[in-house]
Each structure stands twice: as structure tokens, then as C-alpha cells.
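The structure file query.txt is reproduced below (compact mmCIF, C-alpha atoms).
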# COMPACT_ATOMS: atom_id res chain seq x y z
CA MET A 1 0.00 0.00 0.00
CA SER A 2 1.08 3.59 -0.47
CA PRO A 3 3.51 5.07 2.09
CA PHE A 4 1.44 8.25 1.93
CA THR A 5 -1.77 8.85 3.85
CA GLU A 6 -4.84 6.97 2.69
CA ALA A 7 -6.39 10.16 1.31
CA ARG A 8 -3.51 10.65 -1.09
CA MET A 9 -3.77 8.80 -4.34
CA HIS A 10 -1.22 7.25 -6.63
CA LEU A 11 -1.32 8.88 -10.05
CA ALA A 12 -0.31 7.28 -13.33
CA VAL A 13 -0.74 8.39 -16.91
CA GLU A 14 -1.06 6.37 -20.11
CA LEU A 15 1.06 7.77 -22.93
CA GLN A 16 0.54 6.49 -26.44
CA GLY A 17 0.73 8.30 -29.75
CA ALA A 18 -1.64 11.24 -29.97
CA GLY A 19 -3.85 9.98 -27.14
CA ARG A 20 -6.62 7.43 -26.64
CA HIS A 21 -9.02 9.01 -29.16
CA PRO A 22 -8.44 7.65 -32.68
CA ALA A 23 -9.11 11.08 -34.23
CA ALA A 24 -6.78 12.99 -31.92
CA ALA A 25 -3.89 13.48 -34.35
CA ARG A 26 -6.09 14.76 -37.17
CA TRP A 27 -8.20 16.95 -34.87
CA ALA A 28 -5.14 18.52 -33.23
CA GLY A 29 -3.26 18.88 -36.51
CA LEU A 30 -0.28 16.86 -35.28
CA ASP A 31 2.50 15.69 -37.56
CA ARG A 32 2.11 11.91 -37.43
CA ALA A 33 5.78 11.41 -38.19
CA SER A 34 6.69 13.19 -34.95
CA LEU A 35 4.71 10.59 -32.96
CA LEU A 36 7.27 7.98 -33.97
CA THR A 37 10.30 9.76 -32.53
CA ALA A 38 12.21 9.47 -29.29
CA PRO A 39 12.03 13.24 -28.52
CA TYR A 40 8.22 13.08 -28.58
CA TYR A 41 8.09 10.39 -25.90
CA VAL A 42 10.85 12.02 -23.87
CA SER A 43 8.80 15.24 -23.80
CA LEU A 44 5.64 13.40 -22.73
CA VAL A 45 7.29 11.50 -19.89
CA ARG A 46 9.17 14.62 -18.80
CA ALA A 47 5.86 16.52 -18.53
CA ALA A 48 4.46 13.76 -16.31
CA ALA A 49 7.62 13.54 -14.22
CA ARG A 50 7.88 17.25 -13.43
CA ARG A 51 4.65 17.05 -11.41
CA GLY A 52 5.76 13.94 -9.58
CA LEU A 53 3.40 11.38 -11.08
CA ASP A 54 4.16 7.84 -10.01
CA LEU A 55 3.96 5.99 -13.32
CA ALA A 56 4.19 6.59 -17.04
CA LEU A 57 2.42 3.67 -18.73
CA LEU A 58 3.56 2.99 -22.29
CA PRO A 59 1.02 0.82 -24.16
CA ASP A 60 1.92 -1.55 -26.95
CA THR A 61 0.00 -3.98 -29.10
CA PHE A 62 0.34 -6.32 -32.06
CA ALA A 63 -3.20 -5.45 -33.19
CA ASP A 64 -2.86 -1.76 -34.04
CA ASP A 65 -3.52 -0.64 -37.61
CA GLU A 66 -1.26 2.37 -37.03
CA PRO A 67 2.54 2.17 -36.91
CA VAL A 68 3.73 1.73 -33.32
CA LEU A 69 7.09 1.78 -31.58
CA ASP A 70 8.20 -0.93 -29.18
CA ALA A 71 7.19 0.16 -25.69
CA VAL A 72 10.11 -1.49 -23.87
CA ALA A 73 12.57 0.19 -26.23
CA ILE A 74 10.87 3.55 -25.72
CA ALA A 75 11.11 3.16 -21.95
CA ALA A 76 14.81 2.27 -22.18
CA ARG A 77 15.41 5.39 -24.30
CA VAL A 78 13.54 7.64 -21.87
CA ALA A 79 14.91 6.20 -18.62
CA PRO A 80 18.42 7.74 -18.62
CA VAL A 81 17.19 11.26 -19.45
CA VAL A 82 13.99 11.58 -17.39
CA PRO A 83 14.48 10.90 -13.67
CA GLY A 84 11.99 10.38 -10.90
CA ILE A 85 9.07 8.61 -12.56
CA GLY A 86 8.29 4.92 -12.89
CA LEU A 87 8.33 3.54 -16.42
CA VAL A 88 5.89 0.72 -17.24
CA PRO A 89 5.90 -0.55 -20.83
CA THR A 90 3.36 -3.07 -22.06
CA ALA A 91 4.79 -6.45 -23.01
CA THR A 92 2.64 -8.97 -24.87
CA VAL A 93 3.32 -12.41 -23.41
CA THR A 94 1.27 -14.55 -25.83
CA HIS A 95 3.78 -14.58 -28.69
CA THR A 96 6.93 -13.45 -26.87
CA GLU A 97 9.32 -15.74 -25.01
CA PRO A 98 9.50 -15.00 -21.26
CA PHE A 99 13.29 -15.40 -21.33
CA HIS A 100 13.58 -12.38 -23.64
CA LEU A 101 11.05 -10.39 -21.60
CA SER A 102 12.86 -11.06 -18.32
CA LYS A 103 16.11 -9.81 -19.84
CA ALA A 104 14.48 -6.69 -21.34
CA ILE A 105 12.69 -5.62 -18.14
CA ALA A 106 15.73 -6.38 -15.98
CA THR A 107 17.79 -4.19 -18.32
CA LEU A 108 15.20 -1.41 -18.06
CA ASP A 109 15.38 -1.60 -14.27
CA ILE A 110 19.16 -1.33 -14.41
CA VAL A 111 19.29 1.65 -16.79
CA SER A 112 16.50 3.45 -14.88
CA GLY A 113 18.09 2.95 -11.47
CA GLY A 114 15.22 0.85 -10.12
CA ARG A 115 12.21 2.58 -11.68
CA ALA A 116 11.00 -0.16 -14.02
CA GLY A 117 7.75 -2.03 -14.17
CA TRP A 118 5.96 -3.96 -16.90
CA GLU A 119 2.37 -4.61 -17.90
CA PRO A 120 1.93 -8.11 -19.32
CA VAL A 121 -0.97 -8.39 -21.78
CA VAL A 122 -2.40 -11.17 -23.94
CA SER A 123 -2.80 -11.27 -27.71
CA ARG A 124 -6.22 -12.51 -28.82
CA THR A 125 -6.83 -12.39 -32.55
CA PRO A 126 -6.01 -14.70 -35.48
CA ALA A 127 -4.44 -11.72 -37.26
CA GLU A 128 -2.00 -11.22 -34.39
CA ALA A 129 -1.21 -14.93 -34.29
CA ALA A 130 -0.54 -14.87 -38.04
CA LEU A 131 2.16 -12.23 -37.54
CA PHE A 132 4.23 -14.90 -35.79
CA GLY A 133 2.96 -18.10 -37.39
CA ARG A 134 3.85 -20.26 -34.40
CA LYS A 135 0.43 -21.07 -32.96
CA PRO A 136 -3.23 -20.21 -33.50
CA ALA A 137 -5.27 -17.71 -31.50
CA ALA A 138 -6.56 -19.16 -28.24
CA PRO A 139 -9.59 -18.60 -25.99
CA PRO A 140 -9.28 -16.29 -22.95
CA ASP A 141 -8.88 -19.04 -20.36
CA VAL A 142 -5.89 -20.47 -22.24
CA LEU A 143 -4.38 -17.04 -22.85
CA TRP A 144 -4.48 -16.12 -19.17
CA ARG A 145 -3.15 -19.50 -18.01
CA GLU A 146 -0.24 -18.93 -20.37
CA ALA A 147 0.16 -15.37 -19.09
CA ALA A 148 0.34 -16.61 -15.50
CA ASP A 149 3.09 -19.05 -16.46
CA ALA A 150 4.94 -16.34 -18.40
CA VAL A 151 4.97 -14.00 -15.40
CA GLU A 152 6.17 -16.80 -13.13
CA VAL A 153 9.00 -17.66 -15.52
CA VAL A 154 10.06 -14.01 -15.73
CA VAL A 155 10.11 -13.68 -11.93
CA ARG A 156 12.07 -16.92 -11.54
CA LEU A 157 14.62 -15.75 -14.10
CA TRP A 158 15.05 -12.46 -12.22
CA ASP A 159 15.86 -14.54 -9.15
CA SER A 160 18.19 -16.91 -11.01
CA TRP A 161 21.08 -14.58 -10.14
CA GLU A 162 21.64 -13.95 -6.45
CA ASP A 163 22.27 -10.31 -5.58
CA ASP A 164 25.97 -10.89 -4.95
CA ALA A 165 26.57 -13.19 -7.94
CA VAL A 166 28.76 -10.61 -9.68
CA ILE A 167 32.14 -10.68 -7.89
CA ARG A 168 34.58 -9.14 -10.43
CA ASP A 169 37.51 -11.02 -8.91
CA ALA A 170 40.54 -9.69 -10.79
CA THR A 171 42.97 -12.07 -9.10
CA THR A 172 41.20 -15.18 -10.38
CA GLY A 173 39.69 -13.64 -13.51
CA ARG A 174 36.17 -14.57 -12.38
CA TYR A 175 33.38 -12.09 -13.08
CA VAL A 176 30.53 -14.24 -11.73
CA ASP A 177 30.32 -16.67 -8.86
CA ARG A 178 28.61 -19.57 -10.64
CA GLU A 179 27.49 -21.03 -7.31
CA LYS A 180 25.14 -18.06 -7.08
CA LEU A 181 23.49 -18.69 -10.46
CA HIS A 182 20.50 -21.04 -10.50
CA TYR A 183 18.56 -23.09 -13.00
CA VAL A 184 14.87 -22.20 -12.89
CA ASP A 185 13.77 -25.58 -14.32
CA PHE A 186 10.26 -24.44 -15.16
CA THR A 187 8.02 -26.80 -17.16
CA SER A 188 4.32 -26.32 -17.92
CA GLU A 189 1.88 -26.86 -20.78
CA PHE A 190 3.26 -23.68 -22.38
CA PHE A 191 6.94 -23.35 -21.48
CA ALA A 192 10.04 -25.37 -20.68
CA VAL A 193 12.70 -22.96 -19.45
CA LYS A 194 15.91 -24.12 -17.80
CA GLY A 195 17.68 -20.80 -17.28
CA PRO A 196 19.49 -19.13 -15.69
CA SER A 197 19.14 -15.62 -17.06
CA ILE A 198 22.08 -13.93 -18.75
CA THR A 199 21.29 -10.60 -17.04
CA PRO A 200 21.99 -9.90 -13.34
CA ARG A 201 19.12 -9.60 -10.87
CA PRO A 202 17.38 -6.22 -11.27
CA PRO A 203 17.98 -3.46 -8.69
CA GLN A 204 14.41 -3.87 -7.39
CA GLY A 205 14.68 -7.65 -7.30
CA HIS A 206 11.29 -7.84 -8.99
CA PRO A 207 10.33 -4.80 -11.08
CA LEU A 208 6.74 -3.72 -10.53
CA VAL A 209 4.14 -6.02 -12.14
CA VAL A 210 1.08 -4.17 -13.45
CA LEU A 211 -1.91 -6.20 -14.66
CA ARG A 212 -5.44 -5.47 -15.79
CA ALA A 213 -8.27 -7.30 -13.99
CA ASP A 214 -11.25 -6.37 -16.13
CA GLU A 215 -12.18 -9.92 -17.12
CA ALA A 216 -12.83 -13.08 -15.13
CA HIS A 217 -9.83 -15.06 -16.40
CA ALA A 218 -7.42 -12.18 -15.72
CA LEU A 219 -8.49 -11.66 -12.10
CA PRO A 220 -6.73 -14.69 -10.54
CA VAL A 221 -3.53 -13.87 -12.44
CA ALA A 222 -3.61 -10.30 -11.14
CA ALA A 223 -4.46 -11.50 -7.64
CA ARG A 224 -1.41 -13.80 -7.62
CA TRP A 225 1.18 -11.65 -9.36
CA ALA A 226 0.26 -7.97 -9.64
CA ASP A 227 1.71 -5.19 -7.50
CA VAL A 228 -0.57 -2.72 -9.29
CA VAL A 229 -3.94 -3.70 -10.76
CA ARG A 230 -5.64 -1.58 -13.42
CA ILE A 231 -9.43 -1.54 -13.59
CA ALA A 232 -11.97 0.15 -15.84
CA ALA A 233 -15.47 0.99 -14.62
CA PRO A 234 -18.40 3.09 -15.85
CA ASP A 235 -18.77 4.94 -12.53
CA LEU A 236 -17.27 5.16 -9.05
CA ASP A 237 -19.68 2.71 -7.46
CA ALA A 238 -18.69 0.06 -10.01
CA ALA A 239 -15.04 0.95 -9.45
CA GLY A 240 -15.41 0.41 -5.71
CA ALA A 241 -16.98 -2.99 -6.31
CA ALA A 242 -14.15 -3.94 -8.69
CA ARG A 243 -11.54 -2.83 -6.15
CA GLU A 244 -13.12 -4.98 -3.45
CA GLN A 245 -13.18 -7.92 -5.85
CA VAL A 246 -9.45 -7.49 -6.52
CA ARG A 247 -8.67 -7.25 -2.81
CA ALA A 248 -10.75 -10.34 -2.03
CA ALA A 249 -9.02 -12.29 -4.79
CA ALA A 250 -5.60 -11.22 -3.49
CA ALA A 251 -6.51 -12.37 0.01
CA ALA A 252 -7.74 -15.70 -1.38
CA ALA A 253 -4.37 -16.07 -3.14
CA GLY A 254 -2.64 -15.73 0.23
CA ARG A 255 -1.50 -12.14 -0.19
CA ASP A 256 -2.02 -9.03 1.92
CA PRO A 257 -4.56 -6.97 -0.05
CA ASP A 258 -2.81 -3.81 1.11
CA ASP A 259 0.20 -4.88 -0.98
CA VAL A 260 -1.92 -4.50 -4.13
CA THR A 261 -2.61 -0.99 -5.42
CA VAL A 262 -5.76 -0.65 -7.54
CA LEU A 263 -5.73 2.12 -10.16
CA LEU A 264 -8.91 3.21 -11.92
CA ASP A 265 -8.68 4.30 -15.56
CA VAL A 266 -10.07 7.82 -15.97
CA GLU A 267 -10.34 9.06 -19.54
CA VAL A 268 -9.67 12.80 -19.63
CA HIS A 269 -10.20 15.75 -21.93
CA LEU A 270 -9.81 19.13 -20.25
CA ALA A 271 -10.61 22.61 -21.48
CA ALA A 272 -11.23 26.09 -20.05
CA ASP A 273 -14.86 25.20 -19.41
CA ALA A 274 -17.07 22.13 -19.65
CA PRO A 275 -19.04 23.24 -22.75
CA ARG A 276 -15.77 23.74 -24.66
CA ALA A 277 -14.50 20.33 -23.58
CA ARG A 278 -17.74 18.63 -24.62
CA ALA A 279 -17.67 20.44 -27.96
CA ASP A 280 -14.11 19.23 -28.53
CA VAL A 281 -15.10 15.61 -27.90
CA ALA A 282 -18.11 15.97 -30.18
CA GLU A 283 -15.76 17.15 -32.94
CA LEU A 284 -13.44 14.23 -32.27
CA ASP A 285 -16.31 11.74 -32.34
CA ALA A 286 -17.59 13.21 -35.60
CA ARG A 287 -14.32 12.08 -37.17
CA ALA A 288 -14.14 8.67 -35.44
CA ALA A 289 -16.51 7.84 -32.61
CA LEU A 290 -15.05 6.49 -29.36
CA GLU A 291 -17.30 5.17 -26.62
CA PRO A 292 -15.93 5.64 -23.09
CA SER A 293 -14.14 2.54 -21.85
CA SER A 294 -14.13 3.71 -18.23
CA VAL A 295 -15.01 6.77 -16.16
CA ARG A 296 -14.57 9.82 -18.35
CA VAL A 297 -14.12 13.48 -17.36
CA THR A 298 -14.89 15.96 -20.12
CA GLY A 299 -14.61 19.33 -18.44
CA THR A 300 -12.20 21.38 -16.36
CA ALA A 301 -9.38 20.58 -13.96
CA THR A 302 -11.78 21.37 -11.13
CA ASP A 303 -14.26 18.81 -12.46
CA LEU A 304 -11.50 16.21 -12.45
CA ALA A 305 -10.39 17.11 -8.92
CA ASP A 306 -13.99 16.89 -7.72
CA LEU A 307 -14.31 13.39 -9.19
CA LEU A 308 -11.10 12.20 -7.57
CA GLY A 309 -12.21 13.63 -4.25
CA ARG A 310 -15.39 11.55 -4.47
CA ALA A 311 -13.32 8.51 -5.45
CA VAL A 312 -11.26 8.89 -2.27
CA ARG A 313 -14.33 9.28 -0.08
CA LEU A 314 -15.99 6.22 -1.63
CA GLY A 315 -12.86 4.06 -1.56
CA ALA A 316 -13.30 3.50 -5.29
CA ALA A 317 -9.58 3.08 -5.96
CA ASP A 318 -6.13 3.59 -4.51
CA GLY A 319 -5.30 5.91 -7.37
CA VAL A 320 -6.03 6.61 -11.00
CA THR A 321 -4.50 6.13 -14.39
CA PHE A 322 -5.18 9.24 -16.42
CA VAL A 323 -5.96 8.30 -20.00
CA PRO A 324 -5.69 11.51 -22.08
CA LEU A 325 -7.92 11.59 -25.12
CA VAL A 326 -5.61 14.07 -26.86
CA LEU A 327 -1.84 14.23 -26.44
CA PRO A 328 0.11 16.27 -25.65
CA ALA A 329 -2.60 18.88 -24.89
CA ASP A 330 -4.43 16.94 -22.19
CA LEU A 331 -1.18 15.94 -20.52
CA GLY A 332 -0.20 19.61 -20.33
CA ALA A 333 -3.53 20.48 -18.70
CA LEU A 334 -3.15 17.62 -16.24
CA ALA A 335 0.38 18.64 -15.28
CA ASP A 336 -0.18 22.39 -15.11
CA GLN A 337 -3.72 22.56 -13.73
CA ALA A 338 -5.15 19.30 -12.38
CA VAL A 339 -2.21 17.85 -10.42
CA PRO A 340 -1.43 21.11 -8.55
CA LEU A 341 -5.12 21.36 -7.71
CA LEU A 342 -5.14 17.78 -6.41
CA ALA A 343 -2.05 18.46 -4.32
CA GLY A 344 -3.63 21.63 -2.94
CA ARG A 345 -6.65 19.61 -1.82
CA GLY A 346 -4.48 17.01 -0.14
CA LEU A 347 -5.40 14.32 -2.66
CA PHE A 348 -1.88 13.93 -4.00
CA ARG A 349 1.48 14.39 -2.34
CA THR A 350 3.76 17.23 -3.29
CA GLY A 351 7.42 17.02 -4.19
CA ARG A 352 9.34 14.06 -5.57
CA SER A 353 9.89 10.55 -4.29
CA GLY A 354 13.36 9.05 -4.28
CA GLY A 355 14.32 5.43 -4.17
CA SER A 356 12.94 2.58 -6.18
CA LEU A 357 9.55 2.26 -7.78
CA ARG A 358 8.68 -0.52 -5.35
CA SER A 359 9.42 1.75 -2.39
CA ARG A 360 7.21 4.41 -3.94
CA PHE A 361 4.33 1.95 -3.64
CA GLY A 362 5.27 0.89 -0.13
CA LEU A 363 6.63 -2.48 -1.23
CA SER A 364 9.73 -4.11 0.18
CA ARG A 365 12.43 -5.59 -2.01
CA PRO A 366 11.56 -9.30 -2.34
CA ALA A 367 13.91 -12.00 -1.15
CA ASN A 368 15.50 -14.24 -3.77
CA GLN A 369 13.58 -17.54 -3.85
CA PHE A 370 16.63 -19.57 -4.84
CA ALA A 371 18.95 -18.02 -2.25
CA GLU A 372 16.27 -18.60 0.41
CA SER A 373 15.91 -22.26 -0.53
CA GLN A 374 19.62 -22.81 0.09
CA SER A 375 19.81 -20.93 3.38

For the structure just supplied, provide its representation as C-alpha cells.
Amino acid sequence: MSPFTEARMHLAVELQGAGRHPAAARWAGLDRASLLTAPYYVSLVRAAARRGLDLALLPDTFADDEPVLDAVAIAARVAPVVPGIGLVPTATVTHTEPFHLSKAIATLDIVSGGRAGWEPVVSRTPAEAALFGRKPAAPPDVLWREAADAVEVVVRLWDSWEDDAVIRDATTGRYVDREKLHYVDFTSEFFAVKGPSITPRPPQGHPLVVLRADEAHALPVAARWADVVRIAAPDLDAAGAAREQVRAAAAAAGRDPDDVTVLLDVEVHLAADAPRARADVAELDARAALEPSSVRVTGTATDLADLLGRAVRLGAADGVTFVPLVLPADLGALADQAVPLLAGRGLFRTGRSGGSLRSRFGLSRPANQFAESQS
């Protein structure tokens, strides 16, 4: 649970392309080529970081009709030049080997100084499966069983190096103490991974695991593995019910529910007044309609702060993931207007947090399962 008071929320922001709305780039007159550049993403994450947001979530998918950049690579590019904020790229586990994912996220944690997380997602469609040609599309229960195994393999591989495995012994010429490397020996219906990793254990031990829990088959996976759970809900009452469901599932999985932070997606488009914001969204929808996928605020920064205040009072979530409809405009309004207003109302802490991303969420550094088994 958060090290801050219960009334203070964790804040994350989803950063992808021109925003969640499919007409955002055309409506805002953005140069689409600029959306596929490193400076664009550096500027977005920097805007989120300067107001002390906890997480920048970088979505990725194999199903997009638009050109997309690899989220893990974007995060690795941003990490050395934007301090202070957690970086959570999406990683699709259905068609990607967990060995490669463990190495990539461990590397991100190293280059970010302990600020890495990842959001495992599944890949559902025959078109996505055809991109790889290895296996057909599968039903949700199979996809999420595979996802659970993938996360477990990644975590085991992170632990396959003990923290003091790197010795750099110049006198003997040994860089690694091989007694402190471990085979993971994982076998399931989906994977057979011997290990160990070829990358040292990440600074956080286990980088933050972020999972969605919006569908029945995903919930037990999130309950077992997630440090942060994302939910979508049409209103705050439904969000509160979803949060309680996540907490109950975590308890049933043998975990302390307070170790799981639940973030509610809040779609956002802000303007000087509510009529202007609604008119903007009407213009966007006239180009390509987008139904809300969760709570949506179309109005002013004050409207958003009012909603979050109600969310705190109702216990609807432990924080929110802002989902801007239009980037970078909505991110600028969030950073310059909404977040200072939230801090002024005591809903969000002020200043910056040091240390690792796990410590920012009140989580201890996990012990190494293989070192423990030998002690």
C-alpha cells in the first residue's frame, strides 16, 4: 500500500501516440511522423515527471492498424534522461518468449536505477497470431493461463542470479560466482525454461508487475502476481466494487490486499470550461466515434479534482491512471492545472519521491527464492 496517507492517491498516466481518441492526431493537426520519434516520448514523460506522477504507462499492441514503436525500447530510451518517474511498458506475453522479456525488463530496471515495471498483456486475434505463425489464436482461459506461467518464468529468471553473484575477482579472472546462479527448471503446458538468465538480478529484485483485472480469467492472475492492478469501470460505485473484488481475490491467493494498489482508468479531456471540452469531444467523435471505456471526465481541472475527491471518499480506488484523449494537450492540462489542484486539496502528495519504484508503492524488495531455498 502507499507510504502516503490513505487520502492521497497514486497517479499514473497512459502515454501512447496522440492519445486514446483515434481522431486525436487529425483533430489537433499533429505531424504523425513526430509521434514515432524518441524526442516526442521524452517530452511526454518529462511533462508527467515534473509534477511527480508515479507511473508513465507505455502501451503496446500487435493489433494496431497504425505504426507503433516498441514500448520497452521507448522506456529504455527515456529512462536515462527523465528521472523520478516509474516507467511501465506493455509487453505482450502470448507470442513473446519469457526469457527475452525477463532480460528486457531487468535491463530497463538497471538503466533506470530501479524505476522499471511492466504490464503483461495477452494477444487474442487470429491476425496477431498470423504475424508470428507459431500457434493459432486461443480462448481467454488459455491465454491467461499462459500469461500466469509467463509472469512466473520471468520472476524466476530475475531470481536466477543472487544479488551478490557478480564478484569481479581480478585475481582469479572470475566475473561471476557460478554457485550463485541457479537453474529455474520451469516446465508447464506452455513453457520449458531451464535458465538461468544472462542478465543480473534487477535493482528492485522484482520490477513492478502491473496487470489489468477487467475480465474473469485475468483476475486470478492479477491476484497472484500484480503489484498494481488496473481496472476500468463506468462509474465510481462500479469501481469500488471492482476494487473490493481485486482485494478479495488477493486475500484468497494468500497475499495481503494492502500490498496490491488498484488504479482506476479515468479518460480525460480538459478545457477552459465544460461546454468547450464537450464540444471538442463531439468534434473528435464526428471524425471517429469512441465510446468511453471507463469513467470519463470531459470538463475542467476542477471537475477532475472533484471526481477524484469523491473517489477517495468512496474508496473507489487507490489511485487513478489518467488516459488523455488528446496528447500532448491533455497531458499539459493535467500537469499544469489538475495535479497542482489535487495536491492543494491534499489528494496527491507534493514534491518528488526518491528510491525505487517498489518503495514508492510501499513495497519491500523481495527475497530471492533460490537463495532462500539454500539458506

Within 12 Å of range 257-277 of chain A, which residues of range 14-95 of chain A show up? Give each one with its shortest atom-to-atom distance in Å (one decimal) and the two atoms involved, counting all atoms listed in the file, rows by chain then rising residue number, as a tab-separated table.
residue	atom	partner	partner_atom	distance
A:Glu14	CA	A:Asp265	CA	9.1
A:Leu15	CA	A:Glu267	CA	12.0
A:Gly19	CA	A:Val268	CA	9.9
A:Arg20	CA	A:Glu267	CA	8.2
A:His21	CA	A:Glu267	CA	9.7
A:Ala24	CA	A:His269	CA	10.9
A:Asp54	CA	A:Leu263	CA	11.4
A:Leu55	CA	A:Leu263	CA	10.9
A:Leu57	CA	A:Asp265	CA	11.6

Legend entry - Which residue of A:Asp31, A:Val78, A:Arg365, A:His95 approaches Ser43 in chain A most closely, using only C-alpha atoms: A:Val78

Inset, instruction - In Å, rounded to a single decimal, give me how far CA of Ala241 in chain A is from CA of Leu334 in chain A. - result: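 Computed distance, CA of Leu334 in chain A to CA of Ala241 in chain A, equals 26.7 Å.
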
Inset, instruction - Can you work out which one of A:Ala343, A:Val68, A:Leu357, A:Ile167 has the shortest atom-to-atom distance to Met9 in chain A, counting only C-alpha atoms? - result: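 Of A:Ala343, A:Val68, A:Leu357, A:Ile167, the one nearest Met9 in chain A is A:Ala343, counting only C-alpha atoms.
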
Inset, instruction - For each of A:Leu211, A:Leu58, A:Val142, A:Val153, take the minimum atom-to-atom distance to His100 in chain A, counting only C-alpha atoms, then give the residue where this is smallest. - result: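 The shortest atom-to-atom distance to His100 in chain A comes from A:Val153.
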
Inset, instruction - Could you tell me which of A:Val121, A:Val193, A:Leu347, A:Ala279 comes closest to Ala311 in chain A if we count all atoms listed in the file? - result: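 Of A:Val121, A:Val193, A:Leu347, A:Ala279, the one nearest Ala311 in chain A is A:Leu347, counting all atoms listed in the file.
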
Legend entry - Residue with smallest distance to Thr199 in chain A - pool A:Ala316, A:Ala56, A:Leu307, A:Val176, counting all atoms listed in the file: A:Val176

Inset, instruction - Within 8 Å of Leu108 in chain A, counting all atoms listed in the file, which residues show up once you throw out same-chain ones fewer than 6 positions away? Write them as a PyMOL selection string, please. - result: chain A and resi 72+75-76+79+116

Kindly save the residues from that selection, with C-alpha atoms included, as a CSV table (one decimal), keeping the file's coordinate frame.
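Output saved as part19.csv:
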chain,number,residue,atom,x,y,z
A,72,VAL,CA,10.1,-1.5,-23.9
A,75,ALA,CA,11.1,3.2,-22.0
A,76,ALA,CA,14.8,2.3,-22.2
A,79,ALA,CA,14.9,6.2,-18.6
A,116,ALA,CA,11.0,-0.2,-14.0

Legend entry - Interatomic distance (Å, one decimal) between CA of Val339 in chain A and CA of Val111 in chain A: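 These atoms are spaced 27.7 Å apart.
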
Inset, instruction - Choose the residue, out of A:Pro220, A:Pro207, A:Gly309, A:Pro67, that has the smallest atom-to-atom separation from Leu342 in chain A; count all atoms listed in the file. - result: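 Using all atoms listed in the file, Leu342 in chain A sits closest to A:Gly309.
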